[in-house]
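> My file is work_5.json. It has JSON, C-alpha atoms:
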[["chain", "number", "residue", "atom", "x", "y", "z"],
["A", 130, "ALA", "CA", 110.55, 93.00, 38.73],
["A", 131, "THR", "CA", 107.72, 91.92, 41.00],
["A", 132, "ARG", "CA", 107.27, 95.46, 42.32],
["A", 133, "VAL", "CA", 106.70, 96.82, 38.81],
["A", 134, "ARG", "CA", 104.25, 94.05, 37.92],
["A", 135, "HIS", "CA", 102.27, 94.81, 41.07],
["A", 136, "GLU", "CA", 102.21, 98.52, 40.26],
["A", 137, "ARG", "CA", 100.91, 97.79, 36.77],
["A", 138, "LEU", "CA", 98.28, 95.39, 38.04],
["A", 139, "THR", "CA", 97.04, 97.89, 40.62],
["A", 140, "GLU", "CA", 96.65, 100.59, 37.98],
["A", 141, "ALA", "CA", 94.93, 98.18, 35.59],
["A", 142, "VAL", "CA", 92.37, 97.17, 38.22],
["A", 143, "GLN", "CA", 91.68, 100.82, 39.03],
["A", 144, "ILE", "CA", 91.06, 101.54, 35.34],
["A", 145, "ILE", "CA", 88.78, 98.52, 34.91],
["A", 146, "ARG", "CA", 86.69, 99.43, 37.96],
["A", 147, "SER", "CA", 86.33, 102.99, 36.70],
["A", 148, "LEU", "CA", 85.17, 101.73, 33.31],
["A", 149, "PHE", "CA", 82.48, 99.63, 34.96],
["A", 150, "GLY", "CA", 81.10, 102.89, 36.33],
["A", 151, "GLY", "CA", 79.84, 103.72, 32.84],
["A", 152, "ASP", "CA", 81.31, 107.21, 32.53],
["A", 153, "TYR", "CA", 84.23, 108.40, 30.43],
["A", 154, "VAL", "CA", 87.48, 107.49, 32.14],
["A", 155, "ASN", "CA", 90.68, 109.51, 32.21],
["A", 156, "PHE", "CA", 93.65, 108.06, 34.01],
["A", 157, "SER", "CA", 97.27, 109.17, 34.34],
["A", 158, "GLY", "CA", 99.39, 106.68, 36.22],
["A", 159, "LYS", "CA", 102.99, 105.69, 36.44],
["A", 160, "HIS", "CA", 102.52, 102.93, 33.86],
["A", 161, "TYR", "CA", 99.23, 103.58, 32.05],
["A", 162, "THR", "CA", 97.50, 106.59, 30.53],
["A", 163, "VAL", "CA", 93.85, 106.48, 29.50],
["A", 164, "GLU", "CA", 92.04, 109.26, 27.62],
["A", 165, "ARG", "CA", 88.24, 109.30, 27.56],
["A", 166, "ALA", "CA", 87.76, 105.54, 27.55],
["A", 167, "LYS", "CA", 84.20, 104.28, 27.97],
["A", 168, "LEU", "CA", 82.32, 100.97, 28.10],
["A", 169, "TYR", "CA", 79.13, 101.39, 26.08],
["A", 170, "ASP", "CA", 77.75, 97.92, 26.74],
["A", 171, "LEU", "CA", 77.87, 97.53, 30.51],
["A", 172, "PRO", "CA", 77.03, 94.27, 32.29],
["A", 173, "LYS", "CA", 73.97, 94.30, 34.53],
["A", 174, "ARG", "CA", 76.26, 94.06, 37.52],
["A", 175, "GLN", "CA", 79.95, 94.72, 37.90],
["A", 176, "VAL", "CA", 82.10, 91.72, 37.07],
["A", 177, "PRO", "CA", 84.08, 90.55, 40.15],
["A", 178, "ILE", "CA", 87.84, 90.78, 39.81],
["A", 179, "ALA", "CA", 89.88, 87.95, 41.29],
["A", 180, "ILE", "CA", 93.61, 88.51, 41.73],
["A", 181, "ALA", "CA", 96.24, 85.79, 41.75],
["A", 182, "LEU", "CA", 98.66, 85.75, 44.66],
["A", 183, "SER", "CA", 101.77, 83.90, 45.78],
["A", 184, "GLY", "CA", 103.41, 85.90, 48.58],
["A", 185, "SER", "CA", 102.88, 88.59, 51.20],
["A", 186, "ASP", "CA", 103.00, 91.54, 48.80],
["A", 187, "SER", "CA", 100.49, 90.01, 46.42],
["A", 188, "VAL", "CA", 98.26, 89.02, 49.36],
["A", 189, "ALA", "CA", 97.99, 92.67, 50.37],
["A", 190, "LEU", "CA", 97.33, 93.73, 46.79],
["A", 191, "ALA", "CA", 94.62, 91.09, 46.26],
["A", 192, "ALA", "CA", 92.91, 91.87, 49.55],
["A", 193, "GLU", "CA", 92.81, 95.61, 48.85],
["A", 194, "HIS", "CA", 91.98, 95.65, 45.14],
["A", 195, "GLY", "CA", 90.42, 92.26, 44.39],
["A", 196, "ASP", "CA", 87.01, 90.73, 45.02],
["A", 197, "ALA", "CA", 88.58, 87.28, 45.41],
["A", 198, "MET", "CA", 91.95, 85.53, 45.46],
["A", 199, "ILE", "CA", 93.34, 82.87, 43.13],
["A", 200, "THR", "CA", 96.36, 80.67, 43.67],
["A", 201, "THR", "CA", 97.83, 77.47, 42.26],
["A", 202, "GLU", "CA", 98.97, 75.72, 45.44],
["A", 203, "PRO", "CA", 96.90, 74.43, 48.41],
["A", 204, "ASP", "CA", 98.67, 76.81, 50.77],
["A", 205, "GLY", "CA", 96.65, 77.38, 53.94],
["A", 206, "ASP", "CA", 99.00, 80.15, 55.07],
["A", 207, "LEU", "CA", 98.18, 82.18, 51.95],
["A", 208, "VAL", "CA", 94.45, 81.68, 52.52],
["A", 209, "ALA", "CA", 94.73, 82.74, 56.15],
["A", 210, "ALA", "CA", 96.81, 85.80, 55.28],
["A", 211, "PHE", "CA", 94.35, 86.85, 52.58],
["A", 212, "SER", "CA", 91.34, 86.38, 54.85],
["A", 213, "LYS", "CA", 93.03, 88.40, 57.59],
["A", 214, "ALA", "CA", 93.97, 91.19, 55.17],
["A", 215, "ALA", "CA", 90.45, 91.27, 53.73],
["A", 216, "GLY", "CA", 89.06, 91.83, 57.23],
["A", 217, "LYS", "CA", 85.29, 91.58, 57.66],
["A", 218, "LYS", "CA", 84.75, 91.14, 53.93],
["A", 219, "LYS", "CA", 84.29, 87.43, 53.24],
["A", 220, "LYS", "CA", 85.98, 87.21, 49.87],
["A", 221, "PRO", "CA", 86.06, 83.94, 47.89],
["A", 222, "ARG", "CA", 89.29, 81.92, 47.72],
["A", 223, "TYR", "CA", 89.80, 80.16, 44.39],
["A", 224, "GLY", "CA", 92.28, 77.34, 43.83],
["A", 225, "GLN", "CA", 93.46, 76.10, 40.44],
["A", 226, "MET", "CA", 94.41, 72.42, 40.54],
["A", 227, "PRO", "CA", 96.04, 70.85, 37.47],
["A", 228, "VAL", "CA", 94.86, 67.33, 36.61],
["A", 229, "CYS", "CA", 95.60, 64.93, 33.76],
["A", 230, "PHE", "CA", 92.73, 62.57, 33.13],
["A", 231, "ASP", "CA", 93.06, 59.67, 30.73],
["A", 232, "THR", "CA", 91.69, 56.15, 30.89],
["A", 233, "ASP", "CA", 95.31, 55.03, 30.42],
["A", 234, "SER", "CA", 97.36, 56.00, 33.51],
["A", 235, "VAL", "CA", 100.68, 55.53, 31.70],
["A", 236, "LYS", "CA", 99.59, 57.87, 28.93],
["A", 237, "ALA", "CA", 98.26, 60.40, 31.45],
["A", 238, "ARG", "CA", 101.57, 60.52, 33.35],
["A", 239, "ALA", "CA", 103.53, 60.94, 30.12],
["A", 240, "ASN", "CA", 101.25, 63.78, 29.00],
["A", 241, "ALA", "CA", 101.50, 65.49, 32.38],
["A", 242, "ARG", "CA", 105.29, 65.42, 32.25],
["A", 243, "ARG", "CA", 105.42, 66.62, 28.65],
["A", 244, "LEU", "CA", 102.94, 69.46, 29.09],
["A", 245, "TRP", "CA", 103.16, 70.46, 32.77],
["A", 246, "ARG", "CA", 106.69, 69.75, 33.98],
["A", 247, "TRP", "CA", 107.56, 73.45, 33.86],
["A", 248, "ALA", "CA", 105.30, 74.03, 36.90],
["A", 249, "SER", "CA", 107.40, 71.83, 39.17],
["A", 250, "ALA", "CA", 109.90, 74.61, 39.86],
["A", 251, "GLY", "CA", 107.30, 76.69, 41.70],
["A", 252, "TRP", "CA", 106.10, 80.23, 41.26],
["A", 253, "TYR", "CA", 109.24, 82.02, 42.41],
["A", 254, "VAL", "CA", 111.23, 80.38, 39.60],
["A", 255, "MET", "CA", 108.50, 80.51, 36.96],
["A", 256, "SER", "CA", 107.85, 84.21, 37.49],
["A", 257, "GLU", "CA", 111.45, 85.04, 36.60],
["A", 258, "LEU", "CA", 111.99, 82.80, 33.55],
["A", 259, "PRO", "CA", 112.02, 85.00, 30.43],
["A", 260, "GLU", "CA", 110.97, 82.71, 27.55],
["A", 261, "PRO", "CA", 109.79, 79.19, 26.58],
["A", 262, "ARG", "CA", 113.27, 77.74, 26.12],
["A", 263, "SER", "CA", 114.10, 78.82, 29.68],
["A", 264, "PHE", "CA", 111.12, 76.86, 31.00],
["A", 265, "ASP", "CA", 112.18, 73.90, 28.89],
["A", 266, "ALA", "CA", 115.74, 73.96, 30.20],
["A", 267, "ALA", "CA", 114.68, 74.41, 33.82],
["A", 268, "SER", "CA", 112.37, 71.38, 33.71],
["A", 269, "GLN", "CA", 114.38, 68.82, 31.74],
["A", 270, "SER", "CA", 115.23, 66.74, 34.82],
["A", 271, "VAL", "CA", 111.62, 66.46, 36.03],
["A", 272, "THR", "CA", 110.43, 62.82, 35.98],
["A", 273, "GLU", "CA", 106.96, 61.35, 35.62],
["A", 274, "ASP", "CA", 107.05, 60.47, 39.31],
["A", 275, "ASP", "CA", 107.88, 64.10, 40.15],
["A", 276, "ILE", "CA", 104.97, 65.46, 38.15],
["A", 277, "ALA", "CA", 102.54, 62.84, 39.46],
["A", 278, "GLU", "CA", 103.19, 64.25, 42.93],
["A", 279, "LEU", "CA", 101.81, 67.59, 41.73],
["A", 280, "VAL", "CA", 99.22, 66.51, 39.15],
["A", 281, "PRO", "CA", 96.63, 63.77, 39.74],
["A", 282, "CYS", "CA", 96.86, 61.47, 36.70],
["A", 283, "GLY", "CA", 94.74, 58.69, 35.23],
["A", 284, "PRO", "CA", 91.17, 57.47, 35.83],
["A", 285, "ASP", "CA", 91.15, 56.79, 39.60],
["A", 286, "VAL", "CA", 88.62, 59.08, 41.32],
["A", 287, "GLU", "CA", 90.26, 58.55, 44.71],
["A", 288, "THR", "CA", 93.49, 60.12, 43.44],
["A", 289, "TYR", "CA", 91.62, 63.31, 42.58],
["A", 290, "LEU", "CA", 89.67, 63.32, 45.83],
["A", 291, "ALA", "CA", 92.86, 63.03, 47.89],
["A", 292, "ALA", "CA", 94.31, 66.02, 46.06],
["A", 293, "ALA", "CA", 91.10, 68.05, 46.38],
["A", 294, "LYS", "CA", 90.96, 67.45, 50.15],
["A", 295, "LYS", "CA", 94.23, 69.36, 50.55],
["A", 296, "TRP", "CA", 92.58, 72.44, 49.05],
["A", 297, "LEU", "CA", 89.47, 72.11, 51.20],
["A", 298, "GLU", "CA", 91.56, 71.70, 54.33],
["A", 299, "ALA", "CA", 93.57, 74.78, 53.38],
["A", 300, "GLY", "CA", 90.39, 76.90, 53.41],
["A", 301, "PHE", "CA", 89.57, 77.38, 49.72],
["A", 302, "THR", "CA", 85.94, 78.11, 48.87],
["A", 303, "HIS", "CA", 86.17, 77.19, 45.17],
["A", 304, "LEU", "CA", 88.31, 74.73, 43.22],
["A", 305, "ALA", "CA", 88.91, 74.82, 39.46],
["A", 306, "PHE", "CA", 90.32, 71.78, 37.68],
["A", 307, "VAL", "CA", 92.81, 72.53, 34.91],
["A", 308, "GLN", "CA", 92.86, 69.52, 32.56],
["A", 309, "VAL", "CA", 96.31, 69.10, 30.99],
["A", 310, "GLY", "CA", 96.10, 68.31, 27.27],
["A", 311, "ALA", "CA", 94.18, 70.00, 24.46],
["A", 312, "ASN", "CA", 92.81, 66.75, 23.00],
["A", 313, "THR", "CA", 91.33, 65.43, 26.25],
["A", 314, "GLN", "CA", 89.10, 68.27, 27.43],
["A", 315, "ARG", "CA", 85.74, 66.81, 26.40],
["A", 316, "THR", "CA", 86.68, 63.34, 27.67],
["A", 317, "PHE", "CA", 87.63, 64.83, 31.04],
["A", 318, "ILE", "CA", 84.45, 66.91, 31.28],
["A", 319, "ASN", "CA", 82.26, 63.90, 30.56],
["A", 320, "TRP", "CA", 84.12, 61.75, 33.09],
["A", 321, "ALA", "CA", 84.08, 64.51, 35.71],
["A", 322, "GLU", "CA", 80.32, 65.00, 35.32],
["A", 323, "ARG", "CA", 79.69, 61.28, 35.58],
["A", 324, "GLU", "CA", 82.15, 60.24, 38.29],
["A", 325, "LEU", "CA", 84.29, 62.99, 39.80],
["A", 326, "LEU", "CA", 81.77, 65.72, 40.63],
["A", 327, "PRO", "CA", 79.32, 63.43, 42.47],
["A", 328, "ALA", "CA", 82.21, 62.13, 44.58],
["A", 329, "LEU", "CA", 83.45, 65.67, 45.26],
["A", 330, "ARG", "CA", 80.02, 66.83, 46.43],
["A", 331, "LYS", "CA", 80.15, 64.23, 49.17],
["A", 332, "LEU", "CA", 83.25, 65.98, 50.55],
["A", 333, "GLY", "CA", 81.17, 69.09, 51.26]]
In structure tokens, what does this structure look like?


Amino acid sequence: ATRVRHERLTEAVQIIRSLFGGDYVNFSGKHYTVERAKLYDLPKRQVPIAIALSGSDSVALAAEHGDAMITTEPDGDLVAAFSKAAGKKKKPRYGQMPVCFDTDSVKARANARRLWRWASAGWYVMSELPEPRSFDAASQSVTEDDIAELVPCGPDVETYLAAAKKWLEAGFTHLAFVQVGANTQRTFINWAERELLPALRKLG
């Protein structure tokens, strides 16, 4: 259940923050118990913790316990709710945008459908599906046109810029591109450095 996942996440963040303090940590929670845990090799500064959110309960959790928010949809209402809940603290808002670059648009669309069609159902469905075959069954009817609405595909920079603008307009401070396909990561990075990133910088 969502409530239980949130309880576990809250306890986990509390434990992690305590460990960054450098002392021995003891913790007895509803879900986790820690006995004399210690980080011996501490970072020079505490690592920020960003928390993913999708609804009102997770917004409150992220604002209270996180140093930043993460989400997978350009939802301005979520950004506004998080910023309001965070109050005077100006916490970063990270977006994760899936993309499927390939010099061949037809191939890119086919890869996006094959590897990313499960995301079309949205978070409320995905969070309740129990195993891979459930995701497979729930996404069988998704077409290439459906997935292209969610995932910019192919080599056209303008397609990616149009998608990125939605995130900027929604109030995100950072945008991460998630390239779909294990065999195309280096090709995407090289193309993004050469063509996409310079165009994105012009957006502000």

> Quick one: of A:Phe149, A:Phe317, A:Phe301, A:Phe306, who's nearest to Gln225 (chain A), counting only C-alpha atoms?

A:Phe306

> Select, from A:Ala166, A:Val309, A:Leu279, A:Ala181, the residue with the minimum atom-to-atom distance to Asp231 (chain A), counting all atoms listed in the file.

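Of A:Ala166, A:Val309, A:Leu279, A:Ala181, the one nearest Asp231 (chain A) is A:Val309, counting all atoms listed in the file.
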
> Could you give me, as a PDB file with C-alpha atoms, in the coordinates of the input, the residues within 7 Å of region 188-193 of chain A, counting all atoms listed in the file and dropping anything in the same chain fewer than 6 positions from it?


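Output saved as around-v3.pdb:
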ATOM      1  CA  ILE A 180      93.610  88.510  41.730  1.00  0.00           C
ATOM      2  CA  LEU A 182      98.660  85.750  44.660  1.00  0.00           C
ATOM      3  CA  ALA A 210      96.810  85.800  55.280  1.00  0.00           C
ATOM      4  CA  PHE A 211      94.350  86.850  52.580  1.00  0.00           C
ATOM      5  CA  ALA A 214      93.970  91.190  55.170  1.00  0.00           C
ATOM      6  CA  ALA A 215      90.450  91.270  53.730  1.00  0.00           C
TER       7      ALA A 215
END

> So, counting all atoms listed in the file, which residue among A:Val271, A:Ala299, A:Met198, A:Ala266 is closest to Ser249 (chain A)?

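With all atoms listed in the file as the atom set, the closest residue is A:Val271.
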
> Taking into account only C-alpha atoms, which residue in the set A:Val307, A:Thr302, A:Thr139, A:Trp245 is nearest to Lys219 (chain A)?

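Closest residue, counting only C-alpha atoms: A:Thr302.
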
> Could you give me, as number ranges by chain, the residues that have an atom at most 8 Å away from the point (97.2, 75.3, 51.7) in the coordinates of the file, using all atoms listed in the file?

A: 202-208, 295-296, 298-300

> Find the residue from A:Leu329, A:Ala197, A:Val228, A:Val163 that sits nearest to Pro177 (chain A); use all atoms listed in the file when measuring.

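Under the stated criterion, the closest residue is A:Ala197.
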
> Ranking A:Glu140, A:Glu322, A:Glu260, A:Asp170 by minimum distance to Phe156 (chain A) and counting all atoms listed in the file, which one comes first?

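Closest to Phe156 (chain A), using all atoms listed in the file: A:Glu140.
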
> Which distance in Å separates CA of Gln314 (chain A) and CA of Ser256 (chain A), to one decimal?

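Atom-to-atom, CA of Gln314 (chain A) to CA of Ser256 (chain A), that is 26.6 Å.
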
> Quote the spacing between CA of Arg238 (chain A) and CA of Leu325 (chain A) in Å to one decimal place.

18.6 Å

> What is the CA of Ala250 (chain A)-CA of Arg262 (chain A) distance in Å, reported with one decimal?

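Pair CA of Ala250 (chain A) / CA of Arg262 (chain A) returns 14.5 Å.
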
> Need the shell around Trp247 (chain A): protein/DNA/RNA residues with any atom at most 12 Å away, counting only C-alpha atoms. Skip same-chain ones fewer than 6 positions apart. Format as a list in words?

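Listed by chain and then number, they are Ala241, Val254, Met255, Ser256, Leu258, Glu260, Pro261, Arg262, Ser263, Phe264, Asp265, Ala266, Ala267, Ser268, Gln269, Ser270, Val271, Thr272, Asp275, Ile276 and Leu279 of chain A.
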
> Residues at most 9 Å from Leu332 (chain A), counting only C-alpha atoms, excluding those fewer than 2 positions away in the same chain, as a list in words?

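Everything that qualifies: Leu290, Lys294, Leu297, Ala328, Leu329 and Arg330 of chain A.
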